[in-house]
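First comes the structure, then the notes that go with it.
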Amino acid sequence: MLERPVEEPSAERPSSALAALAGVAAASLALGAGELTAAVFSAAASPVLSVGSLVIDLTPGFLKSAVIAAFGTGDKPFLIAVLLVVVLGLGALAGLLQRRRRPLGAVAVALIGVVAAGAAVTRTGASLPDAAPSIVAAVVGGASLSALVTRGAERGRRDFLRGAIVSTAVGIAAGAVARAVTAGQRGTQRAIAAVTLPTPSRTAAPPAAGDSFDVPGLTPLVTPNADFYRIDIALAPPAIDPASWRLEVAGEVEHPFSIGYEELSRLPMHESPTTLMCVSNEVGGTLNGTAVWLGTSIRDLLARATPKAGADMVLSSGADGFSASTPLSVLQDPDRDSILAIGMNGEPLPQLHGFPVRMVVPGLYGYVSATKWLTRLEVTRFDRSTAYWTTRGYSAQAPVKVSSRIDRPRSATRAGVVTVAGVAWAQHTGIARVQLQVDDGPWRDCELAGDWSVDVWRQWRYRWTATPGDHVLRVRATDADGLVQTAKVQGEVPDGATGLHTVRVAIT
Ligand SMILES: Nc1nc2c(c(=O)[nH]1)N[C@H]1C(S)=C(S)[C@@H](COP(=O)(O)O)O[C@H]1N2
Ligand SMILES: [Mo]
């Protein structure tokens with residue numbers, strides 16, 4: 001062998017300088033990974049910002065004033081810059097430790113992650129999952145440090161440097177992406193705060209007193225926005241600026257057009273209480289929720305575009321790459337309140353639920369009707385176009401199946417009169433009857449709350465005289481057409497689960 005590398009790999013350890021560099025590179029990668037995780041899942045859980053706000057809390061008043069005096073509104077960027085330098089410095093120290101004795105450095109990195117996780121979960125309004133980005137950072141930092149130092153020892157300097165540079169660059173890139181994502185999310189939050197919902201052209205009658213039972217543990221008739229289930233394919237919810245948002249109405253139509261948010265908001269907007277339902281809801285599951293949506297008629301918008309003969313489907317697309325196939329006939333049905341919603345329970349549509357505009361169609365599962373972050377309505381045909389989930393094993397058409405759920409009791413209960421209660425749904429048909437079976441006894445009729453709307457679930461209750469021992473409760477609903485909820489067990493694929501919700505309770 002004629003050519004040999006100039007630098008001979010050291011058998012045992014990399015030089016101190018290389019070890020420190022490895023630490024800086026690992027710290028950079030860890031920071032990027034942590035910030036990116038936070039940006040995607042919960043911006044408030046950013047390890048750097050959490051530690052920063054902990055530092056602010058711990059800083060004595062005089063020092064705070066001095067920093068503000070010196071940097072003015074630049075005090076926070078200054079703090080963040082200091083923090084980043086400190087973390088990179090600690091990274092270098094960890095590198096040296098790791099060189100001295102493996103895995104001391106990696107352990108030190110993990111400890112820094114624990115501190116950040118602690119800071120994240122103790123911020124006001126934080127919860128345990130907010131520790132996740134810091135844990136990701138700690139794991140990435142520890143693993144990359146140990147890999148780099150080992151590499152520095154076993155391979156040549158050039159190879160090591162390449163690893164360190166790539167790690168640092170990836171870390172910086174991840175940090176930059178994280179910044180862009182959070183900036184977008186903040187912009188969207190500002191845009192949502194700036195929305196003033198138009199006065200409804202038609203308000204929904206509020207529920208009558210008898211439309212809901214006052215039973216603890218029973219699902220409320222209307223789901224608060226903060227508790228509303230969220231299902232979508234978007235890793236981070238699209239951040240859409242309503243000022244540049246446009247909806248295209250196109251395809252097999254005589255008059256394709258596009259409309260902006262302002263113009264759409266000026267169309268007649270009416271209130272529509274509707275229960276939304278996910279096809280992935282298992283029997284007895286809670287992937288459903290009811291809101292009073294504020295929106296404008298899809299039927300009217302389609303009439304403006306004028307679908308051509310032969311079209312039978314509307315393919316709606318969301319900014320996240322999702323699409324849904326909805327029968328044109330459903331959207332044109334004058335008796336069905338299919339809307340483009342901009343409001344949810346009196347508030348502008350939250351970002352997670354599709355801001356600025358989403359579809360709501362009573363009686364169809366969400367995946368074939370409830371497109372969030374809507375950008376396009378394409379009039380087409382079922383034999384020409386397929387939607388996102390249709391290419392993944394689900395049916396192209398999927399009306400909601402009649403079903404019911406026992407909300408309470410769900411755990412051990414005292415003997416005596418027990419109020420069994422829950423909700424039943426058959427959106428757009430309505431619920432006519434709910435029955436409860438105890439053990440293998442007869443099916444007995446439950447008391448139904450009033451029917452606020454056929455598009456909304458209906459509460460039911462049953463006063464059961466419970467005797468000590470283990471019991472099995474089973475519920476079944478019958479819709480207004482007389483269709484009885486089937487006991488046949490089927491999974492969610494391809495068009496929604498069936499079976500009877502069954503609850504075992506210990507009566508003591
Ligand atoms: N853009 C977009 N819209 C979407 C989805 C999605 O993944 N992307 N998921 C659909 C599904 S499967 C359901 S059940 C409902 C859920 O709406 P929610 O998150 O507001 O409860 O949104 C529908 N609309
Ligand atoms: Mo869904």
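By convention here, the chains of the structure tokens are called A, B, ... in the order presented, each chain's residues are numbered starting at 1, and ligands are numbered starting at 1 in the order presented.
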
>> Could you list, as a PyMOL selection string, all protein and nucleic acid residues with an atom at most 8 Å from ligand 1, counting only C-alpha atoms and all ligand atoms?
In response: chain A and resi 228-234+276-280+287-289+317-324+352-354+358-359+365-374

Selected residues written out, N, CA, C and O atoms, as a short mmCIF file (atom, residue, chain, number, x, y, z; two decimals), in the first residue's frame:
```cif
data_model
loop_
_atom_site.label_atom_id
_atom_site.label_comp_id
_atom_site.auth_asym_id
_atom_site.auth_seq_id
_atom_site.Cartn_x
_atom_site.Cartn_y
_atom_site.Cartn_z
N PHE A 228 -62.86 18.52 21.56
CA PHE A 228 -63.30 17.88 20.32
C PHE A 228 -62.21 16.98 19.77
O PHE A 228 -61.04 17.38 19.71
N TYR A 229 -62.56 15.77 19.38
CA TYR A 229 -61.55 14.84 18.87
C TYR A 229 -60.90 15.43 17.62
O TYR A 229 -61.51 16.23 16.91
N ARG A 230 -59.66 15.02 17.38
CA ARG A 230 -58.97 15.50 16.19
C ARG A 230 -58.39 14.30 15.46
O ARG A 230 -57.66 13.51 16.04
N ILE A 231 -58.72 14.18 14.18
CA ILE A 231 -58.15 13.12 13.36
C ILE A 231 -57.76 13.71 12.02
O ILE A 231 -58.58 14.33 11.34
N ASP A 232 -56.51 13.58 11.65
CA ASP A 232 -56.09 13.97 10.30
C ASP A 232 -54.72 13.40 10.01
O ASP A 232 -54.05 12.87 10.89
N ILE A 233 -54.33 13.54 8.74
CA ILE A 233 -53.04 13.00 8.30
C ILE A 233 -51.93 14.03 8.44
O ILE A 233 -50.79 13.75 8.11
N ALA A 234 -52.28 15.24 8.91
CA ALA A 234 -51.30 16.33 8.96
C ALA A 234 -50.42 16.17 10.19
O ALA A 234 -50.92 16.09 11.31
N LEU A 276 -70.08 15.07 14.27
CA LEU A 276 -69.06 14.57 13.36
C LEU A 276 -68.60 13.21 13.86
O LEU A 276 -68.55 12.96 15.05
N MET A 277 -68.23 12.36 12.93
CA MET A 277 -68.01 10.96 13.29
C MET A 277 -66.83 10.41 12.50
O MET A 277 -66.80 10.53 11.29
N CYS A 278 -65.90 9.78 13.19
CA CYS A 278 -64.76 9.18 12.50
C CYS A 278 -65.04 7.72 12.20
O CYS A 278 -65.53 6.99 13.05
N VAL A 279 -64.66 7.29 11.01
CA VAL A 279 -64.85 5.91 10.60
C VAL A 279 -64.00 4.98 11.47
O VAL A 279 -64.30 3.80 11.61
N SER A 280 -62.94 5.52 12.05
CA SER A 280 -62.05 4.70 12.89
C SER A 280 -62.59 4.54 14.31
O SER A 280 -61.94 3.93 15.15
N LEU A 287 -64.39 8.80 19.17
CA LEU A 287 -63.93 9.63 18.05
C LEU A 287 -65.13 10.28 17.38
O LEU A 287 -65.42 10.06 16.20
N ASN A 288 -65.87 11.04 18.16
CA ASN A 288 -67.02 11.76 17.63
C ASN A 288 -67.28 12.97 18.51
O ASN A 288 -66.83 13.02 19.66
N GLY A 289 -67.94 13.95 17.96
CA GLY A 289 -68.19 15.16 18.72
C GLY A 289 -69.25 15.99 18.02
O GLY A 289 -69.47 15.84 16.81
N SER A 317 -60.38 18.71 -1.47
CA SER A 317 -58.98 18.56 -1.09
C SER A 317 -58.61 19.51 0.02
O SER A 317 -59.10 20.65 0.07
N GLY A 318 -57.74 19.04 0.92
CA GLY A 318 -57.23 19.87 2.00
C GLY A 318 -55.78 20.21 1.75
O GLY A 318 -55.10 19.52 0.99
N ALA A 319 -55.30 21.26 2.42
CA ALA A 319 -53.93 21.72 2.22
C ALA A 319 -52.88 20.72 2.69
O ALA A 319 -51.71 20.85 2.38
N ASP A 320 -53.31 19.69 3.43
CA ASP A 320 -52.37 18.68 3.92
C ASP A 320 -52.23 17.50 2.98
O ASP A 320 -51.54 16.53 3.28
N GLY A 321 -52.90 17.55 1.82
CA GLY A 321 -52.80 16.44 0.88
C GLY A 321 -53.94 15.44 1.02
O GLY A 321 -54.00 14.46 0.29
N PHE A 322 -54.83 15.70 1.97
CA PHE A 322 -56.00 14.84 2.17
C PHE A 322 -57.03 15.13 1.09
O PHE A 322 -57.09 16.22 0.54
N SER A 323 -57.84 14.11 0.76
CA SER A 323 -58.99 14.36 -0.11
C SER A 323 -60.13 13.44 0.30
O SER A 323 -59.90 12.39 0.91
N ALA A 324 -61.34 13.86 0.00
CA ALA A 324 -62.53 13.09 0.36
C ALA A 324 -63.47 13.03 -0.83
O ALA A 324 -63.60 14.00 -1.58
N LEU A 352 -56.69 23.40 14.43
CA LEU A 352 -56.71 21.93 14.39
C LEU A 352 -57.95 21.39 13.69
O LEU A 352 -57.97 20.25 13.25
N HIS A 353 -59.00 22.19 13.64
CA HIS A 353 -60.25 21.71 13.05
C HIS A 353 -60.48 22.30 11.67
O HIS A 353 -61.60 22.27 11.17
N GLY A 354 -59.42 22.86 11.06
CA GLY A 354 -59.49 23.17 9.64
C GLY A 354 -59.42 24.62 9.23
O GLY A 354 -59.73 24.94 8.08
N ARG A 358 -63.64 24.54 6.43
CA ARG A 358 -63.77 23.08 6.33
C ARG A 358 -65.16 22.71 5.86
O ARG A 358 -66.08 23.53 5.89
N MET A 359 -65.31 21.45 5.47
CA MET A 359 -66.63 20.94 5.11
C MET A 359 -67.26 20.24 6.32
O MET A 359 -66.55 19.65 7.12
N TYR A 365 -69.34 9.69 7.30
CA TYR A 365 -68.12 9.67 8.11
C TYR A 365 -67.19 10.80 7.65
O TYR A 365 -67.20 11.20 6.48
N GLY A 366 -66.35 11.28 8.59
CA GLY A 366 -65.47 12.41 8.31
C GLY A 366 -64.57 12.21 7.10
O GLY A 366 -64.34 13.15 6.35
N TYR A 367 -64.09 10.98 6.90
CA TYR A 367 -63.11 10.77 5.83
C TYR A 367 -63.71 10.89 4.44
O TYR A 367 -62.99 11.00 3.46
N VAL A 368 -65.04 10.88 4.34
CA VAL A 368 -65.66 11.08 3.02
C VAL A 368 -66.46 12.39 2.97
O VAL A 368 -67.30 12.56 2.09
N SER A 369 -66.20 13.30 3.89
CA SER A 369 -67.05 14.50 3.88
C SER A 369 -66.51 15.74 4.59
O SER A 369 -66.93 16.83 4.27
N ALA A 370 -65.63 15.55 5.59
CA ALA A 370 -65.38 16.66 6.51
C ALA A 370 -64.04 17.34 6.28
O ALA A 370 -63.35 17.73 7.22
N THR A 371 -63.66 17.52 5.01
CA THR A 371 -62.34 18.04 4.67
C THR A 371 -62.00 19.36 5.38
O THR A 371 -62.74 20.33 5.27
N LYS A 372 -60.89 19.33 6.09
CA LYS A 372 -60.40 20.52 6.79
C LYS A 372 -59.39 21.22 5.89
O LYS A 372 -58.89 20.66 4.94
N TRP A 373 -59.08 22.49 6.24
CA TRP A 373 -58.11 23.27 5.47
C TRP A 373 -58.42 23.15 3.97
O TRP A 373 -57.54 22.93 3.12
N LEU A 374 -59.69 23.30 3.68
CA LEU A 374 -60.21 23.05 2.33
C LEU A 374 -59.59 23.99 1.30
O LEU A 374 -59.46 25.18 1.55
#
```

>> What's around Pro103 (chain A) at 12 Å? Count only C-alpha atoms, leave out sequence neighbours fewer than 2 positions away in its own chain, and write the answer as an MDAnalysis selection string.
In response: chainID A and resid 94:101 105:110 142:147 149:150

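Distances here use only C-alpha atoms; by that measure, the residue among A:Ile298, A:Ile342, A:Ala39, A:Ala33 closest to Val361 (chain A) is A:Ile298.
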
> What residues in region 180-274 of chain A get the DSSP label strand (DSSP E or B)? Please answer as an MDAnalysis selection string.
Replying inline: chainID A and resid 202 246:251 253 257:260 270:274

> Between A:Ala131, A:Met313, A:Met269, A:Ala341, which one has atoms that come closest to Ala387 (chain A), using only C-alpha atoms?
Replying inline: A:Met313
